[in-house]
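Below is one structure, written out as structure tokens; the observations come after it.
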Amino acid sequence: MSIAFEIPAKRVLSSTQLTAFQSSATYNTITSYIEALNASVVGVKLTDAHPESLGINAILRLLDRIEQLAHETPPVENKASRFGNPAFRSFYDKVQSLAPSLHADLPGLDQNATPELTTYFSQAWGNRERIDYGSGMELNFLCWLICLDRLQVVTASDHTALVTVVFWRYIQIMRILQSTYWLEPAGSHGVWGLDDYHFLPFLFGSSQLRGHKFVRPKAIHDAEIVDELSKDYMYFSCIKFINSIKTASLRWHSPMLDDISAVKTWEKVNSGMIKMYQAEVLGKLPVVQHFLFGSILPYEGPPPPSSDESHHGDGHAHEGWGDCCGIPVPSAFAAAQMEREPGKRIEGPGIRPVPFD
């Protein structure tokens with residue numbers, strides 16, 4: 001039986017709909033997939049060799065092209081602003097334009113599914129209008145992987161490589177975009193990520209460290225250990241990244257990561273990360289109201305409060321203090337750039353640390 005594919009769209013606008021989503025098949029699909037990927041990398045290093053299937057190799061070629069687009073789209077001169085660089089919109093438009101042809105090279109993909117897949121893919125790189133990025137966009141990339149799995153471009157045997165090769169490649173490209181275009185943290189202060197932007201690298205990264213004989217969570221406070229382990233483990237690579245652009249202690253600028261470092265074992269960190277993701281990402285209306293539902297990840301809950309509300313403004317409802325869009329906050333990259341002498345650009349993870357407030 002053929003699938004009637006559809007372009008994914010926002011559906012959740014109210015707390016009632018959010019509650020329905022949390023007991024839905026789509027919610028279970030997402031959480032089960034995260035748990036499957038998580039289980040596939042227990043004790044696995046980034047530097048370990050993995051068999052790479054035709055699907056994995058095709059995805060990597062696609063991601064290489066995205067990085068190339070970023071290099072072909074330099075930031076515009078924007079000295080007057082510490083906020084997102086407008087050149088990101090040009091990059092985004094190029095991705096959106098090229099996405100269908102890039103997907104044509106994925107092995108075995110039903111081309112009728114391309115519009116559905118490219119919607120998740122295009123919106124995994126940031127928000128074009130606000131020039132920001134957060135865990136909702138990271139979730140779009142995960143949904144893209146789920147769709148590829150459902151459509152048999154990749155299989156369960158690819159799960160380890162999907163995390164340590166494909167997802168990690170995505171994170172590396174995102175670091176380029178964040179440092180090139182000064183993407184703002186989505187929400188008021190990037191509150192739904194563990195650094196300003198991301199959540200899943202810490203979740204999968206803590207799984208990699210489960211059962212490690214010597215390294216404990218408190219090791220993130222030792223710069224030498226962080227540097228040594230950053231080549232093998234996402235968690236420590238992410239800590240090294242944070243340390244490269246922020247000064248002071250984690251207690252000051254990353255209090256949640258500091259709190260987590262007091263947990264005794266990586267097993268507890270990892271299980272806590274999964275629960276936290278379900279509560280703070282999949283359980284929060286400011287994130288889920290941006291979630292895109294299609295045929296592969298359908299919405300089956302109650303209708304929105306009013307039929308035309310989804311077409312106003314940003315295409316979502318604002319409840320409470322409006323933390324989903326929040327007050328624009330400069331990225332740490334922008335703050336760092338302002339401390340540098342004129343004419344010198346920051347270059348990503350190796351930039352000089354500056355105070356972050």
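Each chain in the structure tokens gets a letter, A, B, ..., in the order shown, and its residues are numbered from 1; ligands are numbered from 1 in order too.
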
* Which of region 101-248 of chain A counts as helix (DSSP H, G or I) under DSSP, as number ranges by chain please? -> A: 101-103, 111-122, 135-150, 156-181, 200-208, 217-221, 223-229, 234-245

* Could you pull the residues within 9 Å of region 20-22 of chain A, counting only C-alpha atoms, minus those fewer than 6 positions along the same chain, as a PyMOL selection string? -> chain A and resi 12+28+282-283+288+299-302

* Asked: Using only C-alpha atoms, which residue out of A:Ile242, A:Ile220, A:Ala25, A:Val76 lies closest to Val263 (chain A)?
  ->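 Using only C-alpha atoms, Val263 (chain A) sits closest to A:Ile220.
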
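Among the candidates A:Val163, A:Leu117, A:Leu98, A:Ile66, the residue lying nearest to His50 (chain A) is A:Val163 (atoms considered: only C-alpha atoms).
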
* Please provide the set of residues having any atom within 10 Å of region 257-261 of chain A, restricted to only C-alpha atoms, with same-chain residues fewer than 6 positions apart removed, written as an MDAnalysis selection string. => chainID A and resid 194:195 202 216:221 239 249:251 268:269 272:273

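Close contacts of region 170-172 of chain A, defined as residues with an atom at most 10 Å away when counting only C-alpha atoms, with chain neighbours fewer than 3 positions off set aside, comprise A:Leu60, A:Leu63, A:Asp64, A:Ile66, A:Glu67, A:Ala124, A:Trp125, A:Glu138, A:Phe141, A:Val163, A:Val165, A:Val166, A:Phe167, A:Arg175, A:Ile176, A:Leu177, A:Gln178, A:His198, A:Leu200, A:Pro201, A:Met234, A:Cys238, A:Pro349.
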
Go ahead and write the residues just picked, N, CA, C and O atoms, as a PDB file, in the first residue's frame.
```pdb
ATOM      1  N   LEU A  60      25.979  11.316   4.092  1.00  0.00           N
ATOM      2  CA  LEU A  60      27.194  12.094   4.349  1.00  0.00           C
ATOM      3  C   LEU A  60      27.548  12.986   3.160  1.00  0.00           C
ATOM      4  O   LEU A  60      27.984  14.129   3.340  1.00  0.00           O
ATOM      5  N   LEU A  63      25.305  15.949   3.379  1.00  0.00           N
ATOM      6  CA  LEU A  63      25.729  16.888   4.419  1.00  0.00           C
ATOM      7  C   LEU A  63      26.991  17.646   4.006  1.00  0.00           C
ATOM      8  O   LEU A  63      27.152  18.826   4.343  1.00  0.00           O
ATOM      9  N   ASP A  64      27.870  16.986   3.269  1.00  0.00           N
ATOM     10  CA  ASP A  64      29.050  17.676   2.752  1.00  0.00           C
ATOM     11  C   ASP A  64      28.642  18.853   1.865  1.00  0.00           C
ATOM     12  O   ASP A  64      29.260  19.920   1.898  1.00  0.00           O
ATOM     13  N   ILE A  66      25.902  20.586   2.142  1.00  0.00           N
ATOM     14  CA  ILE A  66      25.389  21.657   2.994  1.00  0.00           C
ATOM     15  C   ILE A  66      26.537  22.484   3.567  1.00  0.00           C
ATOM     16  O   ILE A  66      26.479  23.719   3.589  1.00  0.00           O
ATOM     17  N   GLU A  67      27.577  21.801   4.017  1.00  0.00           N
ATOM     18  CA  GLU A  67      28.738  22.548   4.517  1.00  0.00           C
ATOM     19  C   GLU A  67      29.345  23.409   3.413  1.00  0.00           C
ATOM     20  O   GLU A  67      29.738  24.557   3.644  1.00  0.00           O
ATOM     21  N   ALA A 124      15.895  22.112   9.731  1.00  0.00           N
ATOM     22  CA  ALA A 124      16.822  21.606  10.743  1.00  0.00           C
ATOM     23  C   ALA A 124      18.030  22.514  10.935  1.00  0.00           C
ATOM     24  O   ALA A 124      18.825  22.288  11.858  1.00  0.00           O
ATOM     25  N   TRP A 125      18.169  23.556  10.106  1.00  0.00           N
ATOM     26  CA  TRP A 125      19.374  24.383  10.136  1.00  0.00           C
ATOM     27  C   TRP A 125      19.172  25.718  10.837  1.00  0.00           C
ATOM     28  O   TRP A 125      20.124  26.478  10.999  1.00  0.00           O
ATOM     29  N   GLU A 138      16.929  21.096  16.094  1.00  0.00           N
ATOM     30  CA  GLU A 138      17.638  19.835  16.278  1.00  0.00           C
ATOM     31  C   GLU A 138      16.659  18.664  16.180  1.00  0.00           C
ATOM     32  O   GLU A 138      16.964  17.628  15.583  1.00  0.00           O
ATOM     33  N   PHE A 141      15.917  17.637  12.645  1.00  0.00           N
ATOM     34  CA  PHE A 141      16.916  16.738  12.045  1.00  0.00           C
ATOM     35  C   PHE A 141      16.657  15.301  12.486  1.00  0.00           C
ATOM     36  O   PHE A 141      16.740  14.373  11.678  1.00  0.00           O
ATOM     37  N   VAL A 163      24.328   7.934  14.661  1.00  0.00           N
ATOM     38  CA  VAL A 163      24.661   8.821  15.777  1.00  0.00           C
ATOM     39  C   VAL A 163      26.091   9.331  15.680  1.00  0.00           C
ATOM     40  O   VAL A 163      26.339  10.538  15.661  1.00  0.00           O
ATOM     41  N   VAL A 165      28.395   9.127  13.331  1.00  0.00           N
ATOM     42  CA  VAL A 165      28.898   9.656  12.059  1.00  0.00           C
ATOM     43  C   VAL A 165      27.950  10.722  11.506  1.00  0.00           C
ATOM     44  O   VAL A 165      28.334  11.881  11.343  1.00  0.00           O
ATOM     45  N   VAL A 166      26.700  10.365  11.260  1.00  0.00           N
ATOM     46  CA  VAL A 166      25.762  11.299  10.614  1.00  0.00           C
ATOM     47  C   VAL A 166      25.342  12.429  11.555  1.00  0.00           C
ATOM     48  O   VAL A 166      25.490  13.609  11.224  1.00  0.00           O
ATOM     49  N   PHE A 167      24.817  12.079  12.732  1.00  0.00           N
ATOM     50  CA  PHE A 167      24.366  13.128  13.647  1.00  0.00           C
ATOM     51  C   PHE A 167      25.532  14.006  14.081  1.00  0.00           C
ATOM     52  O   PHE A 167      25.400  15.240  14.176  1.00  0.00           O
ATOM     53  N   ARG A 175      27.875  23.923  14.182  1.00  0.00           N
ATOM     54  CA  ARG A 175      28.856  24.800  14.821  1.00  0.00           C
ATOM     55  C   ARG A 175      29.399  25.817  13.815  1.00  0.00           C
ATOM     56  O   ARG A 175      29.659  26.977  14.165  1.00  0.00           O
ATOM     57  N   ILE A 176      29.567  25.381  12.571  1.00  0.00           N
ATOM     58  CA  ILE A 176      30.016  26.313  11.532  1.00  0.00           C
ATOM     59  C   ILE A 176      28.961  27.395  11.310  1.00  0.00           C
ATOM     60  O   ILE A 176      29.274  28.593  11.248  1.00  0.00           O
ATOM     61  N   LEU A 177      27.704  26.992  11.209  1.00  0.00           N
ATOM     62  CA  LEU A 177      26.634  27.962  10.986  1.00  0.00           C
ATOM     63  C   LEU A 177      26.490  28.905  12.172  1.00  0.00           C
ATOM     64  O   LEU A 177      26.285  30.119  12.000  1.00  0.00           O
ATOM     65  N   GLN A 178      26.575  28.364  13.375  1.00  0.00           N
ATOM     66  CA  GLN A 178      26.420  29.193  14.572  1.00  0.00           C
ATOM     67  C   GLN A 178      27.523  30.236  14.669  1.00  0.00           C
ATOM     68  O   GLN A 178      27.265  31.390  15.041  1.00  0.00           O
ATOM     69  N   HIS A 198      21.949  23.122  21.871  1.00  0.00           N
ATOM     70  CA  HIS A 198      21.729  21.688  21.668  1.00  0.00           C
ATOM     71  C   HIS A 198      21.367  20.930  22.950  1.00  0.00           C
ATOM     72  O   HIS A 198      21.665  21.357  24.060  1.00  0.00           O
ATOM     73  N   LEU A 200      20.602  16.959  22.266  1.00  0.00           N
ATOM     74  CA  LEU A 200      20.849  15.562  21.928  1.00  0.00           C
ATOM     75  C   LEU A 200      22.321  15.138  21.954  1.00  0.00           C
ATOM     76  O   LEU A 200      22.610  13.983  22.296  1.00  0.00           O
ATOM     77  N   PRO A 201      23.294  16.002  21.640  1.00  0.00           N
ATOM     78  CA  PRO A 201      24.687  15.539  21.753  1.00  0.00           C
ATOM     79  C   PRO A 201      25.059  15.156  23.184  1.00  0.00           C
ATOM     80  O   PRO A 201      25.878  14.261  23.402  1.00  0.00           O
ATOM     81  N   MET A 234      31.146  12.733  22.422  1.00  0.00           N
ATOM     82  CA  MET A 234      30.364  13.942  22.156  1.00  0.00           C
ATOM     83  C   MET A 234      30.260  14.832  23.390  1.00  0.00           C
ATOM     84  O   MET A 234      30.346  16.058  23.290  1.00  0.00           O
ATOM     85  N   CYS A 238      31.422  18.663  23.448  1.00  0.00           N
ATOM     86  CA  CYS A 238      30.500  19.779  23.666  1.00  0.00           C
ATOM     87  C   CYS A 238      30.960  20.660  24.822  1.00  0.00           C
ATOM     88  O   CYS A 238      30.831  21.894  24.757  1.00  0.00           O
ATOM     89  N   PRO A 349      34.933  27.034  17.067  1.00  0.00           N
ATOM     90  CA  PRO A 349      35.303  26.519  18.385  1.00  0.00           C
ATOM     91  C   PRO A 349      36.645  26.995  18.912  1.00  0.00           C
ATOM     92  O   PRO A 349      36.880  26.941  20.105  1.00  0.00           O
TER      93      PRO A 349
END
```

For Gly108 (chain A), work out the shell of residues within 12 Å, counting only C-alpha atoms and skipping chain neighbours fewer than 4 positions away, then give it as a JSON list (two decimals) with N, CA, C and O atoms, in the first residue's frame.
```json
[["chain", "number", "residue", "atom", "x", "y", "z"],
["A", 54, "LEU", "N", 25.30, 2.02, 2.08],
["A", 54, "LEU", "CA", 25.06, 2.95, 0.97],
["A", 54, "LEU", "C", 24.26, 4.15, 1.44],
["A", 54, "LEU", "O", 24.51, 5.29, 1.04],
["A", 55, "GLY", "N", 23.27, 3.90, 2.32],
["A", 55, "GLY", "CA", 22.44, 4.99, 2.81],
["A", 55, "GLY", "C", 23.24, 5.99, 3.63],
["A", 55, "GLY", "O", 23.11, 7.21, 3.46],
["A", 58, "ALA", "N", 25.50, 8.06, 1.39],
["A", 58, "ALA", "CA", 24.74, 9.04, 0.61],
["A", 58, "ALA", "C", 24.34, 10.23, 1.48],
["A", 58, "ALA", "O", 24.39, 11.39, 1.04],
["A", 103, "HIS", "N", 18.10, 15.09, -2.27],
["A", 103, "HIS", "CA", 17.40, 13.90, -1.82],
["A", 103, "HIS", "C", 17.23, 12.87, -2.95],
["A", 103, "HIS", "O", 17.03, 11.68, -2.68],
["A", 104, "ALA", "N", 17.32, 13.32, -4.18],
["A", 104, "ALA", "CA", 17.18, 12.40, -5.31],
["A", 104, "ALA", "C", 18.29, 11.37, -5.34],
["A", 104, "ALA", "O", 18.14, 10.29, -5.94],
["A", 112, "ASN", "N", 8.23, 10.47, -4.22],
["A", 112, "ASN", "CA", 7.01, 11.14, -3.79],
["A", 112, "ASN", "C", 7.11, 11.65, -2.35],
["A", 112, "ASN", "O", 6.34, 12.53, -1.93],
["A", 113, "ALA", "N", 8.07, 11.10, -1.61],
["A", 113, "ALA", "CA", 8.27, 11.51, -0.21],
["A", 113, "ALA", "C", 9.15, 12.74, -0.09],
["A", 113, "ALA", "O", 9.26, 13.32, 1.00],
["A", 114, "THR", "N", 9.76, 13.18, -1.18],
["A", 114, "THR", "CA", 10.75, 14.26, -1.11],
["A", 114, "THR", "C", 10.20, 15.54, -0.49],
["A", 114, "THR", "O", 10.86, 16.13, 0.39],
["A", 148, "LEU", "N", 13.80, 8.83, 7.13],
["A", 148, "LEU", "CA", 14.71, 8.02, 6.31],
["A", 148, "LEU", "C", 14.70, 6.57, 6.75],
["A", 148, "LEU", "O", 14.79, 5.66, 5.92],
["A", 149, "ASP", "N", 14.58, 6.35, 8.05],
["A", 149, "ASP", "CA", 14.52, 4.99, 8.58],
["A", 149, "ASP", "C", 13.21, 4.32, 8.16],
["A", 149, "ASP", "O", 13.20, 3.17, 7.69],
["A", 150, "ARG", "N", 12.10, 5.03, 8.30],
["A", 150, "ARG", "CA", 10.80, 4.48, 7.93],
["A", 150, "ARG", "C", 10.73, 4.15, 6.44],
["A", 150, "ARG", "O", 10.06, 3.20, 6.03],
["A", 151, "LEU", "N", 11.42, 4.94, 5.63],
["A", 151, "LEU", "CA", 11.40, 4.74, 4.18],
["A", 151, "LEU", "C", 12.54, 3.84, 3.70],
["A", 151, "LEU", "O", 12.79, 3.71, 2.51],
["A", 152, "GLN", "N", 13.27, 3.25, 4.66],
["A", 152, "GLN", "CA", 14.28, 2.22, 4.40],
["A", 152, "GLN", "C", 15.50, 2.73, 3.63],
["A", 152, "GLN", "O", 16.18, 1.95, 2.96],
["A", 153, "VAL", "N", 15.76, 4.02, 3.72],
["A", 153, "VAL", "CA", 17.03, 4.53, 3.21],
["A", 153, "VAL", "C", 18.15, 4.05, 4.14],
["A", 153, "VAL", "O", 19.26, 3.75, 3.70],
["A", 154, "VAL", "N", 17.83, 3.99, 5.45],
["A", 154, "VAL", "CA", 18.73, 3.39, 6.43],
["A", 154, "VAL", "C", 17.92, 2.36, 7.21],
["A", 154, "VAL", "O", 16.69, 2.34, 7.16],
["A", 155, "THR", "N", 18.62, 1.50, 7.94],
["A", 155, "THR", "CA", 17.96, 0.44, 8.71],
["A", 155, "THR", "C", 18.50, 0.43, 10.14],
["A", 155, "THR", "O", 19.41, 1.21, 10.49]]
```

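Shortest atom-to-atom contact with Ser90 (chain A) among A:Tyr181, A:Tyr27, A:Phe291, A:Tyr197: A:Tyr181, counting only C-alpha atoms.
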
* List every residue of region 11-238 of chain A that DSSP, applied to the backbone of this structure, places in strand (DSSP E), and write the result as a list in words. => Asp132, Tyr133, Glu184 and Pro185 of chain A

* To do: Skip Ala39 (chain A) itself and residues of its chain fewer than 5 positions away, then list as a ChimeraX atom specification all residues within 12 Å of it, counting only C-alpha atoms.
  => /A:32-34,44,156,159-160,163,203-210,267,270-271,274

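Using only C-alpha atoms, the residues found no farther than 12 Å from Ser97 (chain A), other than those of its own chain fewer than 2 positions away, are Ile66, Leu69, Ser90, Phe91, Tyr92, Asp93, Lys94, Val95, Ala99, Pro100, Ser101, Leu102, His103, Pro115, Thr118, Thr119, Phe121 and Ser122 of chain A.
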
* To do: Have a look at A:Asn85, A:Thr47, A:Asn243, A:Gln96 and name the one nearest to Ile131 (chain A); count only C-alpha atoms.
  =>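 Checking each of A:Asn85, A:Thr47, A:Asn243, A:Gln96 against Ile131 (chain A), counting only C-alpha atoms, the winner is A:Asn85.
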
* Distance of CA of Cys143 (chain A) from CA of Trp168 (chain A), expressed in Å to one decimal place -> 15.4 Å

* Straight-line distance linking CA of Leu37 (chain A) with CA of Leu162 (chain A), stated in Å to one decimal ->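 These two atoms are separated by 7.8 Å.
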
* What is the CA of Thr164 (chain A) to CA of Leu46 (chain A) distance in Å? -> 5.4 Å
